[in-house]
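Engineer: Have a look at the structure that comes next, please.
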Amino acid sequence: MAGRLVLLLGVVAALGGCTTVDVARAPDTGRGRDVFVTTSDLPGPYKSLGVVQATRRGVLLFGFADPAGTDLQADLDEQLLPQIRMMGGDGVINARFQQTQYSLGTRILFAILFFAPLPSEVTITGEVVKLDSGAQPPGSGASATAPAR
Amino acid sequence: MRLLLLLSLVALATGCGATVRGSPLSNRPPDDNVRGVFLSTGTAPRPYRTVGFAQVTGYGVTVAGFSDVGEAGLDGTIRGTLSQVASRMGGDGVINIEFIDENPPTEVERVTDLSNTLSSAASGRGEVKTRNRSVVVTGEVIQFLSAP
Amino acid sequence: MRLLLALSLAALTGCTVIHTAAVPSDRGGQDVFLSAGDIPEPYESLGMVQATRSGVLLFGFIDVVGTDIQAGLAEVLIPQVREMGGDGAINVRFRQTQYLPVQQVLGAIFFFAPLPSSVTVTAEVVKLRRGSAASPEQPPVAPPVAAR
């Protein structure tokens with residue numbers, strides 16, 4: 001029985017692969033995004049409103065159910081973007097992010113071992129800024145890099 | 001028991017997220033009337049030379065879910081210690097700052113810690129729930145080559 | 001004597017592990033480009049992506065599923081960029097499990113306990129705004145992405 005279970009898990013893992021991908025997009029209001037999130041710097045001019053870190057922590061039930069929303073998109077939509085709006089910012093620059101990721105085989109294993117939920121966490125950090133007049137939003141082609149010697 | 005249930009409901013309603021904030025860093029362009037070390041998660045606004053790199057870790061604890069003790073705060077590590085380190089190295093600023101608060105307590109965890117502490121106090125055990133905290137900050141220390 | 005020989009061999013191999021990845025970085029539109037930094041061309045952000053590939057090293061050396069940086073970028077990130085309709089990815093960050101040669105030798109000896117291995121890649125996927133007046137001259141193919 002145990003041998004067949006291991007074989008089944010192996011087949012499922014092989015078919016499902018060992019790669020996990022998570023994506024997060026900032027909301028698009030149609031007239032352009034109301035709040036931007038970029039992993040890049042900005043040339044400015046802008047006013048810094050402070051650094052921010054948004055973390056969501058929880059468990060995956062049955063290997064797949066994520067009631068606390070510990071993925072990148074949920075952290076962005078429900079934690080970071082409201083914080084930026086509350087601070088009166090136009091967006092976040094130099095964003096860094098990391099999320100717990102499990103392979104399909106691990107998730108299936110813990111779906112079977114449902115009494116042991118998988119810990120899960122996502123973190124996004126960045127600097128909240130308010131653009132001054134004349135500032136270029138991210139992706140406009142202006143470079144923020146000053147020459148180093 | 002009712003208090004514990006109420007606190008649990010509050011915790012569930014507020015979610016499992018934690019947001020940590022720090023005070024503003026330097027504007028771009030930097031304000032002329034503001035002195036002190038230039039701090040940015042991005043690059044420098046004018047030509048510079050690299051003096052070196054620094055990593056600062058601040059440790060602390062959260063006591064009973066609500067009282068943060070020690071130096072595990074973004075402001076203390078970035079605007080405090082990192083700035084001092086840069087000045088000691090002869091730098092004018094720190095760029096490409098990256099930071100991580102490694103164990104920020106979520107609302108659920110804060111409420112749980114508080115309720116556990118209160119329960120312990122009520123039962124006479126007197127145990128206070130603490131949670132270890134740490135903040136790690138890195139940055140590139142620079143010296144500007146020209147005046148603003 | 002054998003222990004001394006083993007320790008000497010381990011010491012001769014050193015304590016540094018190096019992995020590199022060569023990926024296309026021509027932003028002329030021929031293929032998906034990758035950059036560890038920002039780009040001067042105008043772009044539209046399509047979103048952030050994090051990808052992790054996990055596996056094991058059989059006999060300490062055989063990377064069955066491809067958990068090195070080359071695989072992480074070429075086989076995971078680049079297809080993901082194409083799937084999202086992007087032209088490339090900027091601010092690419094990557095981390096791969098790295099073992100010292102002595103650890104891999106131990107993994108070969110204790111082959112029944114394969115070494116866990118994984119690579120994680122994060123990036124911002126972008127679509128270039130071609131034909132924009134703000135597009136400056138493009139540099140030739142950028143040097144390969146390298147990591148230690």
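Residue numbers start at 1 in each chain; chains themselves are named A, B, ... in the order of the structure tokens; ligands are numbered from 1 in the order shown.
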Determine which residues of region 26-126 of chain A receive a DSSP assignment of strand (DSSP E), computed from the backbone, and state them as JSON, numbers by chain.
Structural biologist: {"A": [36, 37, 46, 47, 48, 49, 50, 51, 52, 53, 54, 55, 56, 57, 58, 59, 60, 91, 92, 93, 94, 95, 96, 97, 98, 99, 118, 119, 120, 121, 122, 123, 124, 125, 126]}
Engineer: Write out, as a short mmCIF file (atom, residue, chain, number, x, y, z; two decimals), in the first residue's frame, the residues just selected, with N, CA and C atoms.
Structural biologist:
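Saved as part.cif:
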```cif
data_model
loop_
_atom_site.label_atom_id
_atom_site.label_comp_id
_atom_site.auth_asym_id
_atom_site.auth_seq_id
_atom_site.Cartn_x
_atom_site.Cartn_y
_atom_site.Cartn_z
N PHE A 36 1.12 52.76 -8.95
CA PHE A 36 2.08 51.92 -9.67
C PHE A 36 2.96 51.16 -8.69
N VAL A 37 3.45 50.02 -9.14
CA VAL A 37 4.42 49.23 -8.38
C VAL A 37 5.53 48.86 -9.35
N TYR A 46 10.38 63.33 -7.02
CA TYR A 46 9.36 62.74 -6.17
C TYR A 46 9.67 63.04 -4.71
N LYS A 47 8.65 62.83 -3.89
CA LYS A 47 8.81 62.97 -2.45
C LYS A 47 8.72 61.58 -1.84
N SER A 48 9.65 61.23 -0.97
CA SER A 48 9.59 59.93 -0.33
C SER A 48 8.60 60.00 0.83
N LEU A 49 7.69 59.02 0.86
CA LEU A 49 6.72 58.96 1.94
C LEU A 49 7.10 57.90 2.98
N GLY A 50 8.12 57.13 2.68
CA GLY A 50 8.56 56.14 3.65
C GLY A 50 8.71 54.77 3.03
N VAL A 51 9.39 53.90 3.75
CA VAL A 51 9.53 52.51 3.30
C VAL A 51 8.37 51.70 3.86
N VAL A 52 8.04 50.63 3.19
CA VAL A 52 6.91 49.81 3.61
C VAL A 52 7.22 48.34 3.34
N GLN A 53 6.76 47.50 4.22
CA GLN A 53 6.85 46.06 4.02
C GLN A 53 5.49 45.46 4.30
N ALA A 54 4.97 44.71 3.35
CA ALA A 54 3.67 44.06 3.51
C ALA A 54 3.88 42.56 3.56
N THR A 55 3.47 41.94 4.64
CA THR A 55 3.67 40.50 4.85
C THR A 55 2.32 39.85 5.11
N ARG A 56 2.11 38.72 4.52
CA ARG A 56 0.94 37.91 4.85
C ARG A 56 1.43 36.51 5.21
N ARG A 57 0.89 35.96 6.28
CA ARG A 57 1.37 34.68 6.78
C ARG A 57 0.18 33.80 7.10
N GLY A 58 0.29 32.53 6.76
CA GLY A 58 -0.80 31.61 7.06
C GLY A 58 -0.38 30.19 6.78
N VAL A 59 -1.35 29.34 6.52
CA VAL A 59 -1.06 27.95 6.20
C VAL A 59 -1.86 27.53 4.98
N LEU A 60 -1.37 26.51 4.29
CA LEU A 60 -2.10 25.93 3.18
C LEU A 60 -2.82 24.70 3.71
N GLY A 91 2.78 55.49 -5.77
CA GLY A 91 3.26 54.16 -6.10
C GLY A 91 4.44 53.75 -5.25
N VAL A 92 4.95 52.58 -5.57
CA VAL A 92 6.09 52.01 -4.85
C VAL A 92 7.24 51.78 -5.83
N ILE A 93 8.42 52.21 -5.44
CA ILE A 93 9.60 51.98 -6.27
C ILE A 93 10.53 50.98 -5.58
N ASN A 94 11.46 50.42 -6.35
CA ASN A 94 12.43 49.46 -5.83
C ASN A 94 11.75 48.35 -5.03
N ALA A 95 10.67 47.84 -5.58
CA ALA A 95 9.93 46.77 -4.89
C ALA A 95 10.72 45.47 -4.94
N ARG A 96 10.74 44.77 -3.82
CA ARG A 96 11.34 43.45 -3.74
C ARG A 96 10.27 42.53 -3.17
N PHE A 97 10.29 41.25 -3.56
CA PHE A 97 9.21 40.37 -3.12
C PHE A 97 9.71 38.95 -3.00
N GLN A 98 9.11 38.20 -2.10
CA GLN A 98 9.39 36.77 -1.98
C GLN A 98 8.17 36.08 -1.39
N GLN A 99 7.91 34.87 -1.88
CA GLN A 99 6.74 34.10 -1.46
C GLN A 99 7.16 32.65 -1.27
N LEU A 118 0.69 23.21 5.60
CA LEU A 118 1.96 23.77 5.14
C LEU A 118 2.05 25.25 5.50
N PRO A 119 3.11 25.70 6.15
CA PRO A 119 3.25 27.13 6.43
C PRO A 119 3.49 27.89 5.13
N SER A 120 2.95 29.08 5.04
CA SER A 120 3.06 29.86 3.82
C SER A 120 3.16 31.34 4.16
N GLU A 121 4.00 32.05 3.41
CA GLU A 121 4.22 33.46 3.71
C GLU A 121 4.63 34.21 2.45
N VAL A 122 4.22 35.47 2.37
CA VAL A 122 4.63 36.33 1.25
C VAL A 122 5.01 37.69 1.81
N THR A 123 6.06 38.29 1.24
CA THR A 123 6.53 39.61 1.68
C THR A 123 6.85 40.46 0.47
N ILE A 124 6.39 41.70 0.49
CA ILE A 124 6.75 42.68 -0.53
C ILE A 124 7.29 43.91 0.20
N THR A 125 8.45 44.39 -0.22
CA THR A 125 9.01 45.62 0.38
C THR A 125 9.23 46.65 -0.72
N GLY A 126 9.30 47.91 -0.33
CA GLY A 126 9.55 48.97 -1.30
C GLY A 126 9.51 50.32 -0.64
#
```
Engineer: Taking only C-alpha atoms into account, what are the residues of chain B at most 12 Å from chain C, put as number ranges by chain?
Structural biologist: B: 42-43, 96
Engineer: Using only C-alpha atoms, find which residues of chain A lie within 7 Å of chain C and jot them down as JSON, numbers by chain.
Structural biologist: {"A": [18, 19, 20, 21, 22, 23, 24, 25, 26, 39, 40, 101, 103, 139, 140, 141, 142, 143]}
Engineer: Which polymer residues have any atom within 9 Å of an atom of Tyr59 (chain B), counting only C-alpha atoms, with same-chain residues fewer than 2 positions away left out, as number ranges by chain?
Structural biologist: B: 57, 61, 70-73, 132-136
Engineer: Using only C-alpha atoms and a cut-off of 7 Å, which residues of chain B sit close to chain A? Please list them as a list in words.
Structural biologist: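 Those within range of chain A come out as Cys16, Gly17, Ala18, Thr19, Val20, Arg21, Gly22, Ser23, Pro24, Leu25, Ser26, Asn27, Arg28, Pro29, Thr41, Gly42, Thr43, Ala44, Pro45, Arg46, Pro47, Tyr48 and Arg49 of chain B.
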Engineer: Write the selection just made, keeping N, CA and C atoms, as a PDB file, in the first residue's frame?
Structural biologist:
```pdb
ATOM      1  N   CYS B  16      -4.693  38.105   8.241  1.00  0.00           N
ATOM      2  CA  CYS B  16      -3.430  37.493   8.607  1.00  0.00           C
ATOM      3  C   CYS B  16      -2.271  38.264   8.007  1.00  0.00           C
ATOM      4  N   GLY B  17      -2.402  39.540   7.854  1.00  0.00           N
ATOM      5  CA  GLY B  17      -1.362  40.345   7.253  1.00  0.00           C
ATOM      6  C   GLY B  17      -0.689  41.239   8.265  1.00  0.00           C
ATOM      7  N   ALA B  18       0.518  41.653   7.949  1.00  0.00           N
ATOM      8  CA  ALA B  18       1.264  42.589   8.785  1.00  0.00           C
ATOM      9  C   ALA B  18       1.925  43.607   7.883  1.00  0.00           C
ATOM     10  N   THR B  19       1.693  44.869   8.160  1.00  0.00           N
ATOM     11  CA  THR B  19       2.336  45.926   7.388  1.00  0.00           C
ATOM     12  C   THR B  19       3.212  46.742   8.317  1.00  0.00           C
ATOM     13  N   VAL B  20       4.463  46.882   7.928  1.00  0.00           N
ATOM     14  CA  VAL B  20       5.422  47.634   8.725  1.00  0.00           C
ATOM     15  C   VAL B  20       5.840  48.849   7.924  1.00  0.00           C
ATOM     16  N   ARG B  21       5.884  49.998   8.565  1.00  0.00           N
ATOM     17  CA  ARG B  21       6.221  51.230   7.859  1.00  0.00           C
ATOM     18  C   ARG B  21       7.441  51.881   8.453  1.00  0.00           C
ATOM     19  N   GLY B  22       8.138  52.628   7.620  1.00  0.00           N
ATOM     20  CA  GLY B  22       9.243  53.447   8.096  1.00  0.00           C
ATOM     21  C   GLY B  22       9.016  54.874   7.661  1.00  0.00           C
ATOM     22  N   SER B  23       9.739  55.785   8.263  1.00  0.00           N
ATOM     23  CA  SER B  23       9.598  57.211   7.948  1.00  0.00           C
ATOM     24  C   SER B  23      10.171  57.510   6.554  1.00  0.00           C
ATOM     25  N   PRO B  24       9.814  58.663   5.990  1.00  0.00           N
ATOM     26  CA  PRO B  24      10.321  59.007   4.662  1.00  0.00           C
ATOM     27  C   PRO B  24      11.841  59.019   4.594  1.00  0.00           C
ATOM     28  N   LEU B  25      12.348  58.601   3.439  1.00  0.00           N
ATOM     29  CA  LEU B  25      13.780  58.704   3.157  1.00  0.00           C
ATOM     30  C   LEU B  25      14.006  60.009   2.391  1.00  0.00           C
ATOM     31  N   SER B  26      15.114  60.114   1.679  1.00  0.00           N
ATOM     32  CA  SER B  26      15.421  61.368   0.997  1.00  0.00           C
ATOM     33  C   SER B  26      14.575  61.537  -0.249  1.00  0.00           C
ATOM     34  N   ASN B  27      14.173  62.771  -0.504  1.00  0.00           N
ATOM     35  CA  ASN B  27      13.416  63.067  -1.711  1.00  0.00           C
ATOM     36  C   ASN B  27      14.357  63.143  -2.898  1.00  0.00           C
ATOM     37  N   ARG B  28      13.764  63.188  -4.088  1.00  0.00           N
ATOM     38  CA  ARG B  28      14.563  63.359  -5.302  1.00  0.00           C
ATOM     39  C   ARG B  28      13.958  64.498  -6.107  1.00  0.00           C
ATOM     40  N   PRO B  29      14.662  65.590  -6.326  1.00  0.00           N
ATOM     41  CA  PRO B  29      15.989  65.838  -5.796  1.00  0.00           C
ATOM     42  C   PRO B  29      15.934  66.089  -4.291  1.00  0.00           C
ATOM     43  N   THR B  41      16.322  53.971  -1.471  1.00  0.00           N
ATOM     44  CA  THR B  41      16.292  52.581  -1.947  1.00  0.00           C
ATOM     45  C   THR B  41      16.744  52.528  -3.398  1.00  0.00           C
ATOM     46  N   GLY B  42      16.910  53.686  -4.015  1.00  0.00           N
ATOM     47  CA  GLY B  42      17.351  53.758  -5.407  1.00  0.00           C
ATOM     48  C   GLY B  42      18.772  54.246  -5.514  1.00  0.00           C
ATOM     49  N   THR B  43      19.027  54.909  -6.653  1.00  0.00           N
ATOM     50  CA  THR B  43      20.395  55.345  -6.921  1.00  0.00           C
ATOM     51  C   THR B  43      20.599  56.773  -6.412  1.00  0.00           C
ATOM     52  N   ALA B  44      21.806  57.288  -6.676  1.00  0.00           N
ATOM     53  CA  ALA B  44      22.151  58.629  -6.211  1.00  0.00           C
ATOM     54  C   ALA B  44      21.701  59.680  -7.228  1.00  0.00           C
ATOM     55  N   PRO B  45      21.374  60.896  -6.756  1.00  0.00           N
ATOM     56  CA  PRO B  45      20.883  61.926  -7.681  1.00  0.00           C
ATOM     57  C   PRO B  45      21.986  62.672  -8.428  1.00  0.00           C
ATOM     58  N   ARG B  46      23.236  62.482  -8.045  1.00  0.00           N
ATOM     59  CA  ARG B  46      24.348  63.158  -8.738  1.00  0.00           C
ATOM     60  C   ARG B  46      25.596  62.284  -8.612  1.00  0.00           C
ATOM     61  N   PRO B  47      26.667  62.652  -9.326  1.00  0.00           N
ATOM     62  CA  PRO B  47      27.854  61.785  -9.342  1.00  0.00           C
ATOM     63  C   PRO B  47      28.381  61.462  -7.950  1.00  0.00           C
ATOM     64  N   TYR B  48      28.844  60.228  -7.797  1.00  0.00           N
ATOM     65  CA  TYR B  48      29.310  59.775  -6.483  1.00  0.00           C
ATOM     66  C   TYR B  48      30.436  58.778  -6.667  1.00  0.00           C
ATOM     67  N   ARG B  49      31.114  58.485  -5.561  1.00  0.00           N
ATOM     68  CA  ARG B  49      32.033  57.343  -5.549  1.00  0.00           C
ATOM     69  C   ARG B  49      31.613  56.431  -4.399  1.00  0.00           C
TER      70      ARG B  49
END
```
Engineer: Would you kindly return, as a ChimeraX atom specification, each protein, DNA or RNA residue with an atom no farther than 8 Å from any atom of Gly90 (chain B), considering only C-alpha atoms and excluding same-chain residues fewer than 4 positions away?
Structural biologist: /B:51,86,143
Engineer: If you keep N, CA and C atoms, can you produce a file of those selected residues as a CSV table (one decimal), in the first residue's frame?
Structural biologist:
```csv
chain,number,residue,atom,x,y,z
B,51,VAL,N,32.0,54.2,-1.3
B,51,VAL,CA,32.9,54.1,-0.1
B,51,VAL,C,33.0,52.7,0.3
B,86,ALA,N,27.3,55.0,8.0
B,86,ALA,CA,27.7,55.7,6.8
B,86,ALA,C,28.6,56.9,7.1
B,143,GLN,N,29.9,58.6,-1.4
B,143,GLN,CA,30.4,60.0,-1.1
B,143,GLN,C,30.1,60.8,-2.4
```
Engineer: Calculate how many Å separate CA of Val56 (chain C) from CA of Gly63 (chain A), rounding to one decimal.
Structural biologist: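 Distance reported for this atom pair: 20.7 Å.
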